[in-house]
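Chemist: Input file: input35.cif. Contents: mmCIF, N, CA and C atoms.
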data_data
loop_
_atom_site.label_atom_id
_atom_site.label_comp_id
_atom_site.auth_asym_id
_atom_site.auth_seq_id
_atom_site.Cartn_x
_atom_site.Cartn_y
_atom_site.Cartn_z
N HIS G 943 -6.09 38.94 -130.71
CA HIS G 943 -7.16 39.82 -131.06
C HIS G 943 -7.99 39.17 -132.15
N LEU G 944 -9.24 39.50 -132.18
CA LEU G 944 -10.16 38.95 -133.17
C LEU G 944 -10.75 40.04 -134.04
N GLY G 945 -10.17 41.23 -134.00
CA GLY G 945 -10.73 42.38 -134.70
C GLY G 945 -10.23 42.52 -136.11
N ALA G 946 -10.59 41.61 -136.97
CA ALA G 946 -10.13 41.67 -138.36
C ALA G 946 -11.30 41.40 -139.29
N ASN G 947 -11.07 41.63 -140.56
CA ASN G 947 -12.06 41.32 -141.58
C ASN G 947 -12.00 39.81 -141.81
N SER G 948 -13.07 39.11 -141.54
CA SER G 948 -13.07 37.65 -141.67
C SER G 948 -13.73 37.16 -142.95
N SER G 949 -13.96 38.07 -143.88
CA SER G 949 -14.60 37.69 -145.14
C SER G 949 -13.61 36.97 -146.04
N THR G 950 -13.79 35.67 -146.17
CA THR G 950 -12.90 34.89 -147.02
C THR G 950 -13.19 35.11 -148.50
N THR G 951 -14.28 35.82 -148.80
CA THR G 951 -14.63 36.09 -150.20
C THR G 951 -14.30 37.52 -150.62
N GLU G 952 -13.71 38.30 -149.73
CA GLU G 952 -13.33 39.68 -150.06
C GLU G 952 -12.31 39.66 -151.20
N THR G 953 -12.52 40.49 -152.21
CA THR G 953 -11.61 40.51 -153.36
C THR G 953 -10.71 41.75 -153.39
N ASP G 954 -11.01 42.74 -152.57
CA ASP G 954 -10.22 43.98 -152.55
C ASP G 954 -8.99 43.78 -151.66
N LEU G 955 -7.86 43.47 -152.28
CA LEU G 955 -6.64 43.15 -151.53
C LEU G 955 -6.20 44.30 -150.65
N GLN G 956 -6.21 45.53 -151.16
CA GLN G 956 -5.76 46.66 -150.35
C GLN G 956 -6.65 46.85 -149.12
N LYS G 957 -7.94 46.71 -149.29
CA LYS G 957 -8.88 46.84 -148.17
C LYS G 957 -8.59 45.80 -147.09
N ILE G 958 -8.40 44.57 -147.51
CA ILE G 958 -8.20 43.51 -146.52
C ILE G 958 -6.81 43.61 -145.89
N LEU G 959 -5.81 44.08 -146.63
CA LEU G 959 -4.49 44.30 -146.02
C LEU G 959 -4.55 45.42 -145.00
N ASP G 960 -5.28 46.49 -145.32
CA ASP G 960 -5.45 47.58 -144.35
C ASP G 960 -6.13 47.08 -143.09
N GLN G 961 -7.19 46.29 -143.25
CA GLN G 961 -7.98 45.85 -142.11
C GLN G 961 -7.33 44.71 -141.34
N ASN G 962 -6.64 43.84 -142.01
CA ASN G 962 -6.07 42.69 -141.32
C ASN G 962 -4.59 42.84 -141.00
N PHE G 963 -3.79 43.27 -141.96
CA PHE G 963 -2.36 43.40 -141.70
C PHE G 963 -2.02 44.69 -140.95
N GLU G 964 -2.38 45.82 -141.50
CA GLU G 964 -2.01 47.11 -140.90
C GLU G 964 -2.60 47.28 -139.50
N PHE G 965 -3.87 46.95 -139.35
CA PHE G 965 -4.53 47.09 -138.05
C PHE G 965 -3.88 46.15 -137.03
N SER G 966 -3.61 44.92 -137.43
CA SER G 966 -2.98 43.95 -136.53
C SER G 966 -1.58 44.39 -136.13
N ALA G 967 -0.82 44.93 -137.08
CA ALA G 967 0.53 45.41 -136.77
C ALA G 967 0.48 46.56 -135.78
N MET G 968 -0.50 47.45 -135.95
CA MET G 968 -0.66 48.57 -135.03
C MET G 968 -0.99 48.06 -133.62
N LEU G 969 -1.90 47.09 -133.53
CA LEU G 969 -2.24 46.52 -132.22
C LEU G 969 -1.04 45.86 -131.57
N TYR G 970 -0.29 45.10 -132.36
CA TYR G 970 0.91 44.44 -131.84
C TYR G 970 1.88 45.47 -131.27
N GLU G 971 2.12 46.53 -132.01
CA GLU G 971 3.07 47.56 -131.56
C GLU G 971 2.58 48.26 -130.30
N MET G 972 1.28 48.45 -130.18
CA MET G 972 0.73 49.04 -128.95
C MET G 972 0.92 48.09 -127.77
N CYS G 973 0.68 46.80 -128.00
CA CYS G 973 0.88 45.81 -126.94
C CYS G 973 2.34 45.76 -126.51
N GLU G 974 3.23 45.82 -127.47
CA GLU G 974 4.66 45.82 -127.16
C GLU G 974 5.02 47.04 -126.31
N MET G 975 4.53 48.20 -126.72
CA MET G 975 4.83 49.43 -126.01
C MET G 975 4.30 49.40 -124.57
N LEU G 976 3.11 48.82 -124.39
CA LEU G 976 2.47 48.78 -123.08
C LEU G 976 2.79 47.50 -122.30
N GLU G 977 3.61 46.63 -122.91
CA GLU G 977 3.99 45.35 -122.31
C GLU G 977 2.78 44.49 -121.99
N ILE G 978 1.88 44.39 -122.96
CA ILE G 978 0.67 43.57 -122.85
C ILE G 978 0.87 42.35 -123.76
N LYS G 979 0.49 41.18 -123.27
CA LYS G 979 0.61 39.98 -124.10
C LYS G 979 -0.23 40.12 -125.36
N PHE G 980 0.31 39.66 -126.48
CA PHE G 980 -0.40 39.76 -127.76
C PHE G 980 -0.77 38.37 -128.25
N GLN G 981 -2.05 38.14 -128.41
CA GLN G 981 -2.57 36.91 -128.98
C GLN G 981 -3.49 37.29 -130.13
N TYR G 982 -3.43 36.53 -131.20
CA TYR G 982 -4.24 36.88 -132.36
C TYR G 982 -4.71 35.64 -133.10
N ALA G 983 -5.76 35.83 -133.88
CA ALA G 983 -6.31 34.75 -134.70
C ALA G 983 -5.71 34.83 -136.09
N SER G 984 -4.98 33.80 -136.45
CA SER G 984 -4.54 33.64 -137.83
C SER G 984 -5.59 32.76 -138.49
N SER G 985 -5.21 31.99 -139.47
CA SER G 985 -6.18 31.15 -140.16
C SER G 985 -5.49 29.98 -140.83
N ALA G 986 -6.14 28.83 -140.81
CA ALA G 986 -5.62 27.67 -141.53
C ALA G 986 -5.68 27.90 -143.03
N SER G 987 -6.38 28.93 -143.46
CA SER G 987 -6.46 29.23 -144.90
C SER G 987 -5.10 29.60 -145.48
N VAL G 988 -4.13 29.91 -144.63
CA VAL G 988 -2.79 30.24 -145.14
C VAL G 988 -2.13 29.03 -145.82
N TYR G 989 -2.58 27.81 -145.48
CA TYR G 989 -2.01 26.60 -146.07
C TYR G 989 -2.51 26.33 -147.48
N GLY G 990 -3.58 26.99 -147.88
CA GLY G 990 -4.14 26.73 -149.21
C GLY G 990 -4.75 25.35 -149.28
N THR G 991 -4.43 24.62 -150.31
CA THR G 991 -5.03 23.29 -150.51
C THR G 991 -4.17 22.16 -149.93
N SER G 992 -3.19 22.50 -149.15
CA SER G 992 -2.30 21.50 -148.56
C SER G 992 -3.09 20.53 -147.68
N ARG G 993 -2.58 19.33 -147.56
CA ARG G 993 -3.19 18.34 -146.66
C ARG G 993 -2.36 18.17 -145.39
N SER G 994 -1.30 18.94 -145.30
CA SER G 994 -0.44 18.93 -144.13
C SER G 994 -0.54 20.29 -143.46
N PHE G 995 -0.63 20.30 -142.15
CA PHE G 995 -0.90 21.55 -141.44
C PHE G 995 0.07 21.77 -140.28
N LYS G 996 1.36 21.82 -140.59
CA LYS G 996 2.37 22.12 -139.58
C LYS G 996 2.84 23.56 -139.77
N GLU G 997 3.22 24.20 -138.69
CA GLU G 997 3.72 25.58 -138.79
C GLU G 997 4.89 25.68 -139.75
N SER G 998 5.68 24.64 -139.83
CA SER G 998 6.87 24.66 -140.69
C SER G 998 6.54 24.38 -142.16
N ASP G 999 5.31 24.00 -142.45
CA ASP G 999 4.92 23.69 -143.83
C ASP G 999 4.91 24.94 -144.70
N PHE G 1000 5.13 24.73 -145.98
CA PHE G 1000 5.05 25.81 -146.96
C PHE G 1000 3.61 26.28 -147.04
N CYS G 1001 3.41 27.58 -146.99
CA CYS G 1001 2.07 28.14 -147.07
C CYS G 1001 1.80 28.65 -148.48
N LYS G 1002 0.57 28.48 -148.93
CA LYS G 1002 0.19 28.93 -150.26
C LYS G 1002 -1.23 29.51 -150.17
N PRO G 1003 -1.36 30.72 -149.60
CA PRO G 1003 -2.69 31.31 -149.44
C PRO G 1003 -3.37 31.53 -150.79
N LEU G 1004 -4.67 31.21 -150.85
CA LEU G 1004 -5.39 31.25 -152.12
C LEU G 1004 -6.34 32.42 -152.25
N SER G 1005 -6.47 33.24 -151.23
CA SER G 1005 -7.41 34.37 -151.29
C SER G 1005 -6.76 35.59 -150.66
N PRO G 1006 -7.29 36.78 -150.94
CA PRO G 1006 -6.77 37.98 -150.28
C PRO G 1006 -6.82 37.86 -148.75
N TYR G 1007 -7.90 37.27 -148.23
CA TYR G 1007 -8.03 37.06 -146.78
C TYR G 1007 -6.86 36.21 -146.27
N ALA G 1008 -6.64 35.06 -146.90
CA ALA G 1008 -5.56 34.16 -146.48
C ALA G 1008 -4.20 34.83 -146.63
N PHE G 1009 -4.02 35.58 -147.70
CA PHE G 1009 -2.76 36.29 -147.93
C PHE G 1009 -2.50 37.31 -146.83
N SER G 1010 -3.54 38.03 -146.41
CA SER G 1010 -3.37 39.03 -145.35
C SER G 1010 -2.97 38.37 -144.04
N LYS G 1011 -3.56 37.22 -143.75
CA LYS G 1011 -3.20 36.48 -142.53
C LYS G 1011 -1.76 35.98 -142.61
N TYR G 1012 -1.39 35.47 -143.77
CA TYR G 1012 -0.04 34.96 -143.96
C TYR G 1012 1.00 36.07 -143.86
N MET G 1013 0.71 37.20 -144.46
CA MET G 1013 1.63 38.34 -144.40
C MET G 1013 1.86 38.78 -142.95
N PHE G 1014 0.80 38.80 -142.16
CA PHE G 1014 0.95 39.19 -140.76
C PHE G 1014 1.75 38.14 -140.00
N ASP G 1015 1.47 36.85 -140.25
CA ASP G 1015 2.25 35.78 -139.61
C ASP G 1015 3.74 35.97 -139.90
N CYS G 1016 4.07 36.22 -141.16
CA CYS G 1016 5.48 36.40 -141.57
C CYS G 1016 6.09 37.63 -140.92
N TRP G 1017 5.35 38.72 -140.89
CA TRP G 1017 5.84 39.96 -140.28
C TRP G 1017 6.16 39.73 -138.81
N LEU G 1018 5.27 39.01 -138.11
CA LEU G 1018 5.49 38.77 -136.68
C LEU G 1018 6.76 37.98 -136.40
N MET G 1019 7.10 37.07 -137.29
CA MET G 1019 8.29 36.25 -137.08
C MET G 1019 9.56 37.09 -137.03
N ASN G 1020 9.50 38.30 -137.53
CA ASN G 1020 10.66 39.20 -137.52
C ASN G 1020 10.60 40.24 -136.41
N GLN G 1021 9.65 40.09 -135.51
CA GLN G 1021 9.52 41.03 -134.40
C GLN G 1021 10.17 40.44 -133.15
N ASN G 1022 10.48 41.30 -132.20
CA ASN G 1022 11.18 40.85 -130.99
C ASN G 1022 10.27 40.56 -129.81
N TYR G 1023 9.11 41.18 -129.77
CA TYR G 1023 8.21 41.00 -128.64
C TYR G 1023 7.44 39.69 -128.80
N SER G 1024 7.15 39.03 -127.69
CA SER G 1024 6.49 37.72 -127.78
C SER G 1024 5.03 37.85 -128.23
N TYR G 1025 4.53 36.77 -128.77
CA TYR G 1025 3.15 36.72 -129.27
C TYR G 1025 2.70 35.27 -129.34
N GLN G 1026 1.40 35.09 -129.47
CA GLN G 1026 0.81 33.78 -129.73
C GLN G 1026 -0.17 33.93 -130.87
N GLY G 1027 -0.04 33.09 -131.86
CA GLY G 1027 -0.97 33.09 -132.98
C GLY G 1027 -1.68 31.75 -133.05
N PHE G 1028 -2.94 31.79 -133.39
CA PHE G 1028 -3.75 30.58 -133.47
C PHE G 1028 -4.29 30.45 -134.89
N ARG G 1029 -3.92 29.38 -135.56
CA ARG G 1029 -4.41 29.15 -136.93
C ARG G 1029 -5.68 28.31 -136.86
N TYR G 1030 -6.77 29.01 -136.75
CA TYR G 1030 -8.06 28.35 -136.65
C TYR G 1030 -8.48 27.74 -137.97
N PHE G 1031 -9.18 26.63 -137.88
CA PHE G 1031 -9.76 26.01 -139.05
C PHE G 1031 -11.19 26.55 -139.16
N ASN G 1032 -12.19 25.75 -139.28
CA ASN G 1032 -13.56 26.26 -139.38
C ASN G 1032 -14.09 26.63 -138.00
N VAL G 1033 -14.44 27.88 -137.84
CA VAL G 1033 -14.97 28.37 -136.56
C VAL G 1033 -16.48 28.45 -136.68
N TYR G 1034 -17.16 27.95 -135.68
CA TYR G 1034 -18.62 27.94 -135.71
C TYR G 1034 -19.14 28.52 -134.40
N GLY G 1035 -20.16 29.33 -134.51
CA GLY G 1035 -20.82 29.81 -133.30
C GLY G 1035 -20.66 31.26 -133.04
#
Produce structure tokens that represent the structure in this file.
Modeler:
Amino acid sequence: HLGANSSTTETDLQKILDQNFEFSAMLYEMCEMLEIKFQYASSASVYGTSRSFKESDFCKPLSPYAFSKYMFDCWLMNQNYSYQGFRYFNVYG
């Protein structure tokens, strides 16, 4: 899903957690209930200033936006239903 707040400059952590984490978790649970494949856009911003970009790398999100994406990534790892996440870098267009 691509229905999240994509403002990397948003400073209101609660707002962005509501829009990115809570909304995404609700969509995931609906997909699980209806047995629909779940795909979502994460973000390379979860890596922070790292120069290495492997899924197994330590993440250090530097903004509320990046933190919300990271929190959802972590939450999903503890779920049982399958999913696909894409950590996009700079998206244009």
Chemist: Do you have the atom CA of Gly1027 of chain G-atom CA of Lys1011 of chain G distance handy?
Modeler: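 Interatomic distance here is 10.4 Å.
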Chemist: I'd like the interatomic distance between atom CA of Tyr1034 of chain G and atom CA of Glu971 of chain G, to a tenth of an Å.
Modeler: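 Answer for the atom CA of Tyr1034 of chain G to atom CA of Glu971 of chain G separation: 29.5 Å.
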Chemist: Pick from G:Leu1018, G:Ala983, G:Ala967, G:Ala1008: nearest to Thr950 of chain G, with all atoms listed in the file counted?
Modeler: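 Closest to Thr950 of chain G, using all atoms listed in the file: G:Ala1008.
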Chemist: Which of these, G:Tyr970, G:Phe963, G:Phe980, G:Phe995, has the shortest distance to Asp1015 of chain G once you count all atoms listed in the file?
Modeler: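 Closest residue, counting all atoms listed in the file: G:Phe963.
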Chemist: Just need the box for segment 1000-1003 of chain G, edges along x, y and z, holding every atom the file lists for it with 6 Å tacked onto each side, so centre and edge lengths in Å to one decimal, as JSON.
Modeler:
{"center_x": 0.9, "center_y": 28.1, "center_z": -148.4, "size_x": 20.5, "size_y": 18.8, "size_z": 16.8}
Chemist: Name all residues at most 10 Å from Ser992 of chain G (count only C-alpha atoms; drop same-chain ones fewer than 6 positions away) and give them as a PDB file with N, CA and C atoms, keeping the file's coordinate frame.
Modeler:
ATOM      1  N   ALA G 986      -6.140  28.830-140.810  1.00  0.00           N
ATOM      2  CA  ALA G 986      -5.620  27.670-141.530  1.00  0.00           C
ATOM      3  C   ALA G 986      -5.680  27.900-143.030  1.00  0.00           C
ATOM      4  N   ASP G 999       5.310  24.000-142.450  1.00  0.00           N
ATOM      5  CA  ASP G 999       4.920  23.690-143.830  1.00  0.00           C
ATOM      6  C   ASP G 999       4.910  24.940-144.700  1.00  0.00           C
ATOM      7  N   PHE G1000       5.130  24.730-145.980  1.00  0.00           N
ATOM      8  CA  PHE G1000       5.050  25.810-146.960  1.00  0.00           C
ATOM      9  C   PHE G1000       3.610  26.280-147.040  1.00  0.00           C
ATOM     10  N   CYS G1001       3.410  27.580-146.990  1.00  0.00           N
ATOM     11  CA  CYS G1001       2.070  28.140-147.070  1.00  0.00           C
ATOM     12  C   CYS G1001       1.800  28.650-148.480  1.00  0.00           C
ATOM     13  N   LYS G1002       0.570  28.480-148.930  1.00  0.00           N
ATOM     14  CA  LYS G1002       0.190  28.930-150.260  1.00  0.00           C
ATOM     15  C   LYS G1002      -1.230  29.510-150.170  1.00  0.00           C
ATOM     16  N   PRO G1003      -1.360  30.720-149.600  1.00  0.00           N
ATOM     17  CA  PRO G1003      -2.690  31.310-149.440  1.00  0.00           C
ATOM     18  C   PRO G1003      -3.370  31.530-150.790  1.00  0.00           C
TER      19      PRO G1003
END
Chemist: Expand the PyMOL selection byres ((chain G and resi 943) around 8) into the individual residues it matches in the shown file, reporting them as a ChimeraX atom specification.
Modeler: /G:944-946,980-984,1026
Chemist: Counting all atoms listed in the file, which of G:Ser985, G:Ser1005, G:Ser1010, G:Ser998 gets nearest to Thr953 of chain G?
Modeler: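 Of all the options, G:Ser1005 lies closest to Thr953 of chain G.
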